[in-house]
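> Once you've had a glance at the structure underneath, I'll fire off some questions.
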Amino acid sequence: MNIKHALWLLVLLSSSVVAETLVIEGFHDGEDAFVFKSDGSMVELKNSGLKAPYKFDVTGKEGGQYLFNAEGEQYRVFIPEVITNQTAAIKIPCDRPQILLASDHRNASARGLGEDCE
């Protein structure tokens with residue numbers, strides 16, 4: 001095997017190791033958040049049996065929802081409801097109004113409400 005193939009193989013194998021797994025670390029509103037069980041029923045997070053601290057590996061993404069497994073069952077949650085290890089904090093400037101577009105699922109939630117502006 002020549003050096004080019006060896007380097008290409010090393011890059012290929014290391015790229016999957018470097019890629020960070022998406023992990024749900026919390027919910028924006030833990031008191032009023034809802035999750036969907038595998039049977040399709042919607043339950044409040046506080047009544048679902050899932051306990052903090054939350055560390056759920058995202059197993060898929062479908063229809064604007066993250067799929068994750070916890071306590072032997074698969075759950076779904078809408079993307080704007082959760083805080084992940086890749087969620088960026090939204091900085092709200094004090095001198096400008098904040099506009100959120102419903103079609104932009106990254107920001108189409110009540111994030112920032114009740115927080116101080118900068």
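Ordering of the structure tokens sets the chain letters (A, B, ...); residue numbers start at 1 within each chain; ligands are numbered from 1 in the order shown.
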Just want the 8 Å neighbourhood of A:Gly30, counted on only C-alpha atoms, with same-chain residues fewer than 4 positions away dropped. Output as a short mmCIF file (atom, residue, chain, number, x, y, z; two decimals) with N, CA, C and O atoms, in the first residue's frame.

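File around_37.cif, as written:
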data_model
loop_
_atom_site.label_atom_id
_atom_site.label_comp_id
_atom_site.auth_asym_id
_atom_site.auth_seq_id
_atom_site.Cartn_x
_atom_site.Cartn_y
_atom_site.Cartn_z
N GLY A 26 -30.81 19.22 27.46
CA GLY A 26 -31.83 19.86 28.28
C GLY A 26 -33.01 20.30 27.43
O GLY A 26 -33.05 20.10 26.21
N LEU A 45 -43.15 16.19 29.74
CA LEU A 45 -41.82 15.72 30.12
C LEU A 45 -41.78 15.34 31.60
O LEU A 45 -41.23 14.31 31.97
N LYS A 46 -42.41 16.15 32.44
CA LYS A 46 -42.38 15.88 33.89
C LYS A 46 -43.14 14.61 34.25
O LYS A 46 -42.88 14.01 35.28
#
> Out of A:Pro80, A:Glu73, A:Met42, A:Gly63, which residue has the shortest atom-to-atom distance to A:Asp29 when counting only C-alpha atoms?
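Using only C-alpha atoms, the shortest distance to A:Asp29 belongs to A:Pro80.
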> Excluding same-chain residues fewer than 4 positions from stretch 38-40 of chain A, what lies within 9 Å of it counting only C-alpha atoms, as a list in words?
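The neighbour list is Glu73, Gln74, Tyr75 and Arg76 of chain A.
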> For A:Leu67, which residue out of A:Pro53, A:Phe36, A:Thr21, A:Ala89 is the nearest one, using only C-alpha atoms?
A:Phe36
> Ranking A:Lys55, A:Cys94, A:Lys37, A:Thr84 by minimum distance to A:Gly72 and counting only C-alpha atoms, which one comes first?
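Looking at the shortest contact to A:Gly72, the residue is A:Lys37.
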> With a distance cut-off of 9 Å and only C-alpha atoms, select the neighbouring residues of A:Gly64, excluding the residue or stretch itself and same-chain residues fewer than 6 positions from it, and output the selection as a list in words.
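The filter keeps Val77, Phe78, Ile79, Pro80 and His105 of chain A.
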> Go ahead and dump the residues you just picked, N, CA and C atoms, as an mmCIF file, in the first residue's frame.

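Writing the result to again_37.cif gives the following:
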data_model
loop_
_atom_site.group_PDB
_atom_site.id
_atom_site.type_symbol
_atom_site.label_atom_id
_atom_site.label_comp_id
_atom_site.auth_asym_id
_atom_site.auth_seq_id
_atom_site.Cartn_x
_atom_site.Cartn_y
_atom_site.Cartn_z
ATOM 1 N N VAL A 77 -39.109 14.440 19.996
ATOM 2 C CA VAL A 77 -39.312 15.775 20.552
ATOM 3 C C VAL A 77 -39.053 16.781 19.436
ATOM 4 N N PHE A 78 -39.841 17.850 19.410
ATOM 5 C CA PHE A 78 -39.635 18.875 18.399
ATOM 6 C C PHE A 78 -38.299 19.570 18.634
ATOM 7 N N ILE A 79 -37.596 19.844 17.557
ATOM 8 C CA ILE A 79 -36.241 20.391 17.627
ATOM 9 C C ILE A 79 -36.158 21.688 18.445
ATOM 10 N N PRO A 80 -37.073 22.665 18.275
ATOM 11 C CA PRO A 80 -36.946 23.901 19.060
ATOM 12 C C PRO A 80 -37.140 23.718 20.560
ATOM 13 N N HIS A 105 -36.625 26.591 11.756
ATOM 14 C CA HIS A 105 -36.812 25.765 12.949
ATOM 15 C C HIS A 105 -35.707 25.942 13.978
#
> Report the distance between atom CA of A:Ile83 and atom CA of A:Ser48 in Å, rounded to one decimal place.
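Between atom CA of A:Ile83 and atom CA of A:Ser48 the gap is 17.9 Å.
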> In Å to one decimal, how far is atom CA of A:Leu22 from atom CA of A:Val58?
5.6 Å
> Write out as a PyMOL selection string the residues lying within 8 Å of A:Phe27, counting only C-alpha atoms and excluding same-chain residues fewer than 4 positions away.
chain A and resi 33+81-83
